[in-house]
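The data block below is query.txt; it holds compact mmCIF, C-alpha atoms.
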# COMPACT_ATOMS: atom_id res chain seq x y z
CA MET A 1 -6.41 52.76 -11.46
CA ARG A 2 -6.73 49.01 -11.92
CA SER A 3 -2.94 48.69 -12.23
CA ARG A 4 -2.47 49.69 -8.55
CA TRP A 5 -3.85 46.41 -7.13
CA VAL A 6 -2.64 44.30 -10.02
CA LEU A 7 0.88 45.04 -8.73
CA PHE A 8 0.10 43.02 -5.61
CA VAL A 9 -1.01 39.88 -7.47
CA PRO A 10 2.50 38.36 -7.70
CA LEU A 11 3.03 39.01 -4.00
CA ALA A 12 -0.29 37.32 -3.20
CA ILE A 13 0.67 34.30 -5.33
CA MET A 14 4.02 34.09 -3.55
CA GLY A 15 2.22 34.29 -0.23
CA LEU A 16 -0.12 31.44 -1.20
CA LEU A 17 2.80 29.29 -2.36
CA PHE A 18 4.73 30.03 0.81
CA GLY A 19 1.69 29.09 2.87
CA ALA A 20 1.29 25.83 0.95
CA PHE A 21 4.95 24.91 1.50
CA VAL A 22 4.79 25.71 5.22
CA TYR A 23 1.59 23.64 5.52
CA ARG A 24 3.25 20.60 3.92
CA LEU A 25 6.34 20.98 6.08
CA VAL A 26 4.25 21.12 9.25
CA THR A 27 1.86 18.30 8.29
CA PRO A 28 3.85 15.76 6.28
CA ASN A 29 2.13 13.75 3.59
CA ASP A 30 0.41 10.54 4.70
CA THR A 31 2.41 7.78 3.00
CA LEU A 32 0.26 4.85 4.19
CA ILE A 33 -1.25 2.92 1.30
CA ARG A 34 -4.53 1.57 2.59
CA SER A 35 -5.94 -1.65 1.28
CA GLN A 36 -8.95 -1.23 -0.98
CA TRP A 37 -9.79 -4.90 -0.45
CA ILE A 38 -12.13 -4.12 2.46
CA ASP A 39 -15.68 -5.47 2.84
CA LYS A 40 -14.64 -8.12 0.37
CA PRO A 41 -14.14 -11.86 0.84
CA MET A 42 -10.73 -13.16 1.84
CA PRO A 43 -8.78 -13.96 -1.34
CA LEU A 44 -8.52 -17.71 -1.94
CA PHE A 45 -5.27 -19.21 -0.69
CA ASP A 46 -3.83 -22.32 0.85
CA LEU A 47 -0.56 -21.60 2.63
CA PRO A 48 1.74 -24.32 3.97
CA PRO A 49 2.78 -24.29 7.65
CA ALA A 50 5.31 -21.56 8.40
CA THR A 51 7.07 -23.70 11.00
CA ALA A 52 6.96 -27.22 12.40
CA GLY A 53 4.16 -28.11 14.80
CA ILE A 54 1.73 -25.34 13.79
CA GLU A 55 -0.92 -25.79 11.14
CA GLY A 56 -0.76 -23.80 7.88
CA LEU A 57 -3.57 -21.46 6.86
CA LYS A 58 -6.34 -21.83 4.27
CA SER A 59 -8.75 -19.04 3.37
CA SER A 60 -11.66 -21.47 3.82
CA GLN A 61 -10.75 -21.76 7.51
CA LEU A 62 -11.49 -18.08 8.04
CA ALA A 63 -15.25 -18.41 7.59
CA ASP A 64 -16.14 -20.64 10.54
CA GLY A 65 -18.60 -18.22 12.13
CA ARG A 66 -16.12 -16.73 14.61
CA PRO A 67 -14.84 -13.21 13.91
CA ARG A 68 -11.05 -13.22 14.08
CA LEU A 69 -7.79 -11.46 13.36
CA VAL A 70 -5.33 -12.30 10.64
CA ASN A 71 -1.95 -10.85 11.52
CA VAL A 72 0.54 -10.29 8.71
CA PHE A 73 3.98 -10.45 10.29
CA ALA A 74 7.56 -11.61 9.86
CA SER A 75 10.32 -12.78 12.16
CA TRP A 76 12.65 -10.20 10.58
CA CYS A 77 10.23 -7.37 11.36
CA ILE A 78 11.33 -5.47 14.46
CA PRO A 79 8.00 -3.75 15.27
CA CYS A 80 6.31 -7.16 15.11
CA ARG A 81 8.20 -7.93 18.30
CA ALA A 82 6.79 -4.78 19.90
CA GLU A 83 3.32 -5.95 18.88
CA ALA A 84 3.60 -9.43 20.41
CA PRO A 85 2.34 -8.51 23.93
CA GLN A 86 -0.79 -6.90 22.43
CA LEU A 87 -1.51 -10.04 20.40
CA GLU A 88 -1.12 -12.07 23.60
CA ALA A 89 -3.60 -9.76 25.33
CA LEU A 90 -6.08 -10.18 22.47
CA LYS A 91 -5.69 -13.94 22.63
CA ALA A 92 -6.27 -13.83 26.40
CA ALA A 93 -9.48 -11.87 25.71
CA GLY A 94 -10.67 -14.81 23.61
CA VAL A 95 -9.91 -13.46 20.14
CA PRO A 96 -8.88 -16.15 17.63
CA ILE A 97 -5.72 -15.04 15.79
CA ASP A 98 -4.18 -16.55 12.69
CA GLY A 99 -0.87 -15.49 11.22
CA ILE A 100 0.62 -15.03 7.79
CA ALA A 101 4.42 -15.03 7.86
CA ILE A 102 5.93 -13.00 5.03
CA ARG A 103 9.16 -14.19 3.35
CA ASP A 104 10.20 -16.21 6.34
CA ARG A 105 12.14 -19.38 7.12
CA PRO A 106 10.74 -22.11 9.43
CA GLU A 107 13.64 -21.89 11.89
CA ASP A 108 13.35 -18.08 12.08
CA VAL A 109 9.60 -18.27 12.73
CA ALA A 110 10.22 -20.88 15.45
CA ALA A 111 12.80 -18.64 17.11
CA PHE A 112 10.47 -15.63 16.87
CA LEU A 113 7.67 -17.56 18.60
CA ARG A 114 10.06 -18.87 21.25
CA GLU A 115 11.18 -15.36 22.10
CA ASN A 116 7.87 -13.52 21.78
CA GLY A 117 5.24 -16.17 22.55
CA ASN A 118 2.75 -17.72 20.16
CA PRO A 119 -0.73 -16.14 19.99
CA PHE A 120 -1.49 -17.86 16.66
CA ASP A 121 -3.84 -20.79 16.05
CA ARG A 122 -2.40 -21.29 12.58
CA ILE A 123 0.44 -19.68 10.62
CA GLY A 124 0.67 -19.81 6.84
CA ALA A 125 4.00 -19.25 5.08
CA ASP A 126 3.69 -16.58 2.36
CA MET A 127 7.12 -17.04 0.78
CA GLN A 128 6.58 -14.71 -2.18
CA SER A 129 4.19 -12.22 -0.57
CA SER A 130 1.46 -13.38 -2.96
CA VAL A 131 -1.27 -13.47 -0.30
CA GLN A 132 -0.02 -10.17 1.09
CA ILE A 133 -0.40 -8.59 -2.35
CA ALA A 134 -3.83 -10.20 -2.84
CA LEU A 135 -4.85 -8.58 0.47
CA GLY A 136 -3.66 -5.14 -0.62
CA SER A 137 -1.25 -5.14 2.32
CA SER A 138 1.89 -3.05 1.89
CA GLY A 139 4.03 -3.89 4.90
CA VAL A 140 4.44 -5.66 8.21
CA PRO A 141 2.90 -5.72 10.72
CA GLU A 142 -0.64 -5.40 9.47
CA THR A 143 -3.76 -6.91 10.97
CA PHE A 144 -7.04 -7.67 9.26
CA LEU A 145 -10.37 -7.99 11.09
CA ILE A 146 -12.36 -10.81 9.52
CA ASP A 147 -16.03 -11.39 10.29
CA GLY A 148 -17.47 -14.87 10.79
CA LYS A 149 -18.28 -15.22 7.10
CA GLY A 150 -14.73 -14.67 5.93
CA ILE A 151 -15.28 -11.05 4.85
CA ILE A 152 -12.44 -8.60 5.54
CA ARG A 153 -13.92 -5.73 7.54
CA GLU A 154 -10.94 -3.63 8.53
CA GLN A 155 -7.21 -3.21 8.10
CA ILE A 156 -4.88 -2.03 10.84
CA GLN A 157 -1.50 -0.84 9.55
CA GLY A 158 1.50 -0.85 11.84
CA VAL A 159 1.79 -1.95 15.44
CA ILE A 160 -1.34 -2.56 17.54
CA LEU A 161 -0.89 -0.53 20.71
CA ALA A 162 -2.03 -1.55 24.18
CA GLU A 163 -4.77 1.08 24.13
CA ASN A 164 -6.16 -0.36 20.87
CA VAL A 165 -6.81 -3.79 22.39
CA PRO A 166 -10.24 -3.16 24.01
CA GLU A 167 -11.52 -1.46 20.87
CA ILE A 168 -10.47 -4.38 18.65
CA VAL A 169 -12.15 -6.85 21.01
CA ALA A 170 -15.33 -4.74 20.90
CA ARG A 171 -15.33 -4.51 17.10
CA LEU A 172 -14.94 -8.24 16.68
CA GLU A 173 -17.67 -8.77 19.29
CA ALA A 174 -19.97 -6.51 17.25
CA MET A 175 -19.44 -8.71 14.18
CA LYS A 176 -20.86 -11.79 15.92
CA MET B 1 5.32 6.97 28.11
CA SER B 2 5.59 3.42 26.80
CA ALA B 3 2.76 4.19 24.39
CA ARG B 4 4.72 7.14 23.09
CA LEU B 5 7.80 4.99 22.74
CA LEU B 6 5.78 2.43 20.82
CA TRP B 7 4.43 5.13 18.54
CA LEU B 8 7.96 6.22 17.87
CA LEU B 9 8.93 2.63 17.11
CA ALA B 10 5.87 2.26 14.91
CA VAL B 11 6.70 5.39 12.96
CA LEU B 12 10.35 4.46 12.61
CA PHE B 13 9.84 0.83 11.68
CA ALA B 14 6.26 0.47 10.54
CA PHE B 15 7.03 -0.60 7.00
CA PRO B 16 10.44 -2.16 7.02
CA ALA B 17 9.94 -4.20 3.90
CA MET B 18 13.55 -3.30 3.29
CA ALA B 19 14.51 -4.96 6.57
CA GLN B 20 16.57 -8.02 5.92
CA ASP B 21 14.50 -11.06 5.30
CA ARG B 22 16.71 -14.00 4.56
CA LEU B 23 14.87 -15.63 1.69
CA PRO B 24 16.22 -15.56 -1.83
CA PRO B 25 14.23 -13.39 -4.27
CA ALA B 26 11.13 -14.92 -5.86
CA PRO B 27 11.96 -16.79 -9.11
CA TYR B 28 10.61 -14.13 -11.47
CA ALA B 29 11.81 -11.14 -9.43
CA TYR B 30 15.07 -10.89 -11.36
CA GLN B 31 14.52 -13.42 -14.14
CA GLN B 32 12.91 -12.64 -17.46
CA LEU B 33 10.17 -14.69 -19.02
CA ALA B 34 11.36 -17.12 -21.70
CA ASP B 35 9.00 -15.70 -24.32
CA PRO B 36 10.37 -12.28 -25.43
CA ALA B 37 6.90 -11.01 -26.38
CA GLN B 38 5.52 -11.85 -22.94
CA GLU B 39 8.58 -10.36 -21.24
CA ALA B 40 8.09 -7.13 -23.22
CA GLN B 41 4.45 -6.99 -22.05
CA ALA B 42 5.47 -7.66 -18.44
CA LYS B 43 8.26 -5.06 -18.56
CA ALA B 44 6.00 -2.37 -20.00
CA LEU B 45 3.45 -3.08 -17.26
CA MET B 46 6.01 -3.19 -14.43
CA GLU B 47 7.38 0.19 -15.46
CA THR B 48 3.95 1.73 -14.83
CA LEU B 49 3.28 0.05 -11.48
CA ARG B 50 4.35 1.83 -8.37
CA CYS B 51 6.46 0.27 -5.64
CA LEU B 52 4.69 0.28 -2.26
CA VAL B 53 7.93 0.55 -0.33
CA CYS B 54 10.10 2.95 -2.35
CA GLN B 55 7.13 5.05 -3.23
CA GLY B 56 8.72 7.16 -5.96
CA GLN B 57 9.92 4.17 -7.96
CA SER B 58 8.27 1.73 -10.29
CA ILE B 59 8.42 -1.94 -9.33
CA ALA B 60 10.73 -2.40 -12.33
CA ASP B 61 13.25 -0.03 -10.73
CA SER B 62 12.99 -0.97 -7.07
CA ASP B 63 15.12 -3.51 -5.25
CA ALA B 64 12.73 -3.78 -2.29
CA PRO B 65 11.75 -7.42 -1.62
CA LEU B 66 8.05 -6.55 -1.97
CA ALA B 67 8.73 -5.01 -5.40
CA GLY B 68 10.55 -8.23 -6.36
CA ASP B 69 7.55 -10.25 -5.24
CA MET B 70 5.25 -7.95 -7.25
CA ARG B 71 7.41 -8.47 -10.35
CA HIS B 72 7.12 -12.21 -9.74
CA GLU B 73 3.36 -11.81 -9.46
CA VAL B 74 3.15 -9.77 -12.69
CA ARG B 75 5.39 -12.12 -14.69
CA SER B 76 3.58 -15.22 -13.38
CA LYS B 77 0.21 -13.79 -14.37
CA ILE B 78 1.46 -12.74 -17.83
CA ALA B 79 2.94 -16.23 -18.31
CA ALA B 80 -0.46 -17.67 -17.34
CA GLY B 81 -2.01 -15.68 -20.18
CA GLU B 82 -3.54 -12.73 -18.29
CA SER B 83 -3.61 -9.40 -20.09
CA PRO B 84 -1.64 -6.42 -18.69
CA ASP B 85 -4.88 -4.46 -18.32
CA ALA B 86 -6.44 -7.23 -16.25
CA ILE B 87 -3.39 -7.35 -13.98
CA ARG B 88 -3.42 -3.57 -13.52
CA THR B 89 -7.13 -3.72 -12.67
CA TRP B 90 -6.45 -6.56 -10.21
CA LEU B 91 -3.78 -4.50 -8.43
CA ILE B 92 -5.88 -1.31 -8.41
CA ALA B 93 -8.68 -3.29 -6.73
CA ARG B 94 -6.21 -3.96 -3.91
CA TYR B 95 -4.10 -0.82 -3.65
CA GLY B 96 -6.23 1.81 -5.36
CA ASN B 97 -5.20 4.03 -8.28
CA TRP B 98 -2.16 4.90 -6.24
CA VAL B 99 -0.39 1.75 -7.46
CA SER B 100 -0.69 2.71 -11.13
CA TYR B 101 1.38 5.33 -12.96
CA ASP B 102 -1.38 5.46 -15.56
CA PRO B 103 -4.13 7.43 -13.80
CA PRO B 104 -7.68 7.00 -15.14
CA PHE B 105 -9.84 9.94 -16.17
CA ASP B 106 -12.32 10.58 -13.36
CA ALA B 107 -13.52 13.37 -11.09
CA ALA B 108 -10.32 13.30 -9.01
CA THR B 109 -7.98 13.45 -12.00
CA ALA B 110 -10.01 15.65 -14.35
CA LEU B 111 -7.91 18.72 -13.53
CA LEU B 112 -4.72 16.72 -14.11
CA TRP B 113 -5.81 15.68 -17.60
CA LEU B 114 -7.58 18.88 -18.60
CA GLY B 115 -5.10 21.26 -16.92
CA PRO B 116 -2.81 21.54 -19.98
CA LEU B 117 -5.82 22.32 -22.22
CA LEU B 118 -7.04 24.93 -19.73
CA PHE B 119 -3.64 26.59 -19.60
CA LEU B 120 -3.37 26.49 -23.38
CA ALA B 121 -6.77 28.16 -23.65
CA LEU B 122 -5.76 30.76 -21.05
CA GLY B 123 -2.50 31.45 -22.87
CA GLY B 124 -4.33 31.71 -26.19
CA TRP B 125 -6.82 34.13 -24.70
CA LEU B 126 -4.05 36.32 -23.22
CA ALA B 127 -2.07 36.28 -26.46
CA PHE B 128 -5.15 37.06 -28.49
CA GLY B 129 -5.89 40.06 -26.24
CA ARG B 130 -2.29 41.28 -26.60
CA PHE B 131 -2.27 40.98 -30.37
CA ARG B 132 -5.60 42.71 -30.75
CA ARG B 133 -4.59 45.60 -28.51
CA GLY B 134 -1.35 45.86 -30.50
CA THR B 135 -3.15 46.13 -33.82
CA ASP B 136 -5.71 48.52 -32.33
CA GLU B 137 -2.93 50.83 -31.18
CA GLU B 138 -1.23 50.65 -34.53
CA GLY B 139 -4.55 51.35 -36.14
CA GLY B 140 -5.00 54.32 -33.81
CA GLU B 141 -1.66 55.78 -34.73
CA ALA B 142 -2.15 55.34 -38.41
How does this structure look as structure tokens?
Amino acid sequence: MRSRWVLFVPLAIMGLLFGAFVYRLVTPNDTLIRSQWIDKPMPLFDLPPATAGIEGLKSSQLADGRPRLVNVFASWCIPCRAEAPQLEALKAAGVPIDGIAIRDRPEDVAAFLRENGNPFDRIGADMQSSVQIALGSSGVPETFLIDGKGIIREQIQGVILAENVPEIVARLEAMK
Amino acid sequence: MSARLLWLLAVLFAFPAMAQDRLPPAPYAYQQLADPAQEAQAKALMETLRCLVCQGQSIADSDAPLAGDMRHEVRSKIAAGESPDAIRTWLIARYGNWVSYDPPFDAATALLWLGPLLFLALGGWLAFGRFRRGTDEEGGEA
């Protein structure tokens, strides 16, 4: 009488498959590629200024004892505009912020800062995304939390929201 | 409400590496290396590295600016004498195994590599059972 329940095996397999498909439809795959370069020292770089009047960015400047943010952005990146007020709020809270401008032109960066404000102490021009790749960053905007010794502690992918600001301030404070 | 709107914006535009930046492609994005042997090495490597933007494509196939910059990175490193394996390792240290189309053999991929062998063994076992039953029945009739 084994054959009786064996008849239901294909139905059970179909049911499992159906369940798996429904699950993936309801909870889409996470397509974020997170950087594995975390808890590691900032890769060595020396980027020229991204626009006139603002210093460029060297990796050696990121280990001055003050925890800080490095914001990977671009003037052509629309969500970076949405993020600007949050960066201003972080700056107002006393957080040092440096920028890395990806594939950008000096005049475009200048216009971006004119329109959205400038929260950056320094902005390096990463014309061929080489520092972005060395950071394991896969898009803009992304923000890296750097401790006072120049070690990357955390990566934030996508736009920093207003409700994230206090938490970021607290995390940097904890690194002091 | 504004937070929700921002989330929507973030989801829609979070990784717009295909948004229009206005810089020309990096020198080695679309230009081959002068040395054919080095170019062949670079090409073979680029075909097994995954584009971070167009996630189903290799960086050799993708026209995303970040893929172009990765090709520039790969060709520059090959031209500087680095081995393809070293470059792959360098990228995996940054993006994880995800970036490579040549998955290593480890706990996470064991089933992937051994799966075909398992199925072959299962098929062999089933076939063996079938054949034996067949001969048994023939034997019974005889």
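CA of Val53 (chain B) is positioned 9.7 Å from CA of Thr31 (chain A).
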Using only C-alpha atoms, I'd like every residue of chain A that has an atom within 9 Å of chain B; please write them out as number ranges by chain. A: 31, 33-38, 74-80, 82-83, 102-105, 127-130, 133-141, 157-159, 161-163
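Note that CA of Gln86 (chain A) and CA of Val165 (chain A) are 6.8 Å apart.
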What would the list of residues within 10 Å of (2.9, -9.9, 21.0) (file frame) look like as a PDB file with C-alpha atoms, in the coordinates of the input, if all atoms listed in the file are what count?
ATOM      1  CA  PRO A  79       8.000  -3.750  15.270  1.00  0.00           C
ATOM      2  CA  CYS A  80       6.310  -7.160  15.110  1.00  0.00           C
ATOM      3  CA  ARG A  81       8.200  -7.930  18.300  1.00  0.00           C
ATOM      4  CA  ALA A  82       6.790  -4.780  19.900  1.00  0.00           C
ATOM      5  CA  GLU A  83       3.320  -5.950  18.880  1.00  0.00           C
ATOM      6  CA  ALA A  84       3.600  -9.430  20.410  1.00  0.00           C
ATOM      7  CA  PRO A  85       2.340  -8.510  23.930  1.00  0.00           C
ATOM      8  CA  GLN A  86      -0.790  -6.900  22.430  1.00  0.00           C
ATOM      9  CA  LEU A  87      -1.510 -10.040  20.400  1.00  0.00           C
ATOM     10  CA  GLU A  88      -1.120 -12.070  23.600  1.00  0.00           C
ATOM     11  CA  ALA A  89      -3.600  -9.760  25.330  1.00  0.00           C
ATOM     12  CA  LEU A  90      -6.080 -10.180  22.470  1.00  0.00           C
ATOM     13  CA  LYS A  91      -5.690 -13.940  22.630  1.00  0.00           C
ATOM     14  CA  LEU A 113       7.670 -17.560  18.600  1.00  0.00           C
ATOM     15  CA  GLU A 115      11.180 -15.360  22.100  1.00  0.00           C
ATOM     16  CA  ASN A 116       7.870 -13.520  21.780  1.00  0.00           C
ATOM     17  CA  GLY A 117       5.240 -16.170  22.550  1.00  0.00           C
ATOM     18  CA  ASN A 118       2.750 -17.720  20.160  1.00  0.00           C
ATOM     19  CA  PRO A 119      -0.730 -16.140  19.990  1.00  0.00           C
ATOM     20  CA  VAL A 159       1.790  -1.950  15.440  1.00  0.00           C
ATOM     21  CA  ILE A 160      -1.340  -2.560  17.540  1.00  0.00           C
TER      22      ILE A 160
END
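Between CA of Ala63 (chain A) and CA of Arg114 (chain A) there is a distance of 28.8 Å.
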Who sits within 6 Å of Gly99 (chain A), only C-alpha atoms, same chain under 2 positions skipped, as a ChimeraX atom specification: /A:70-72,120,123
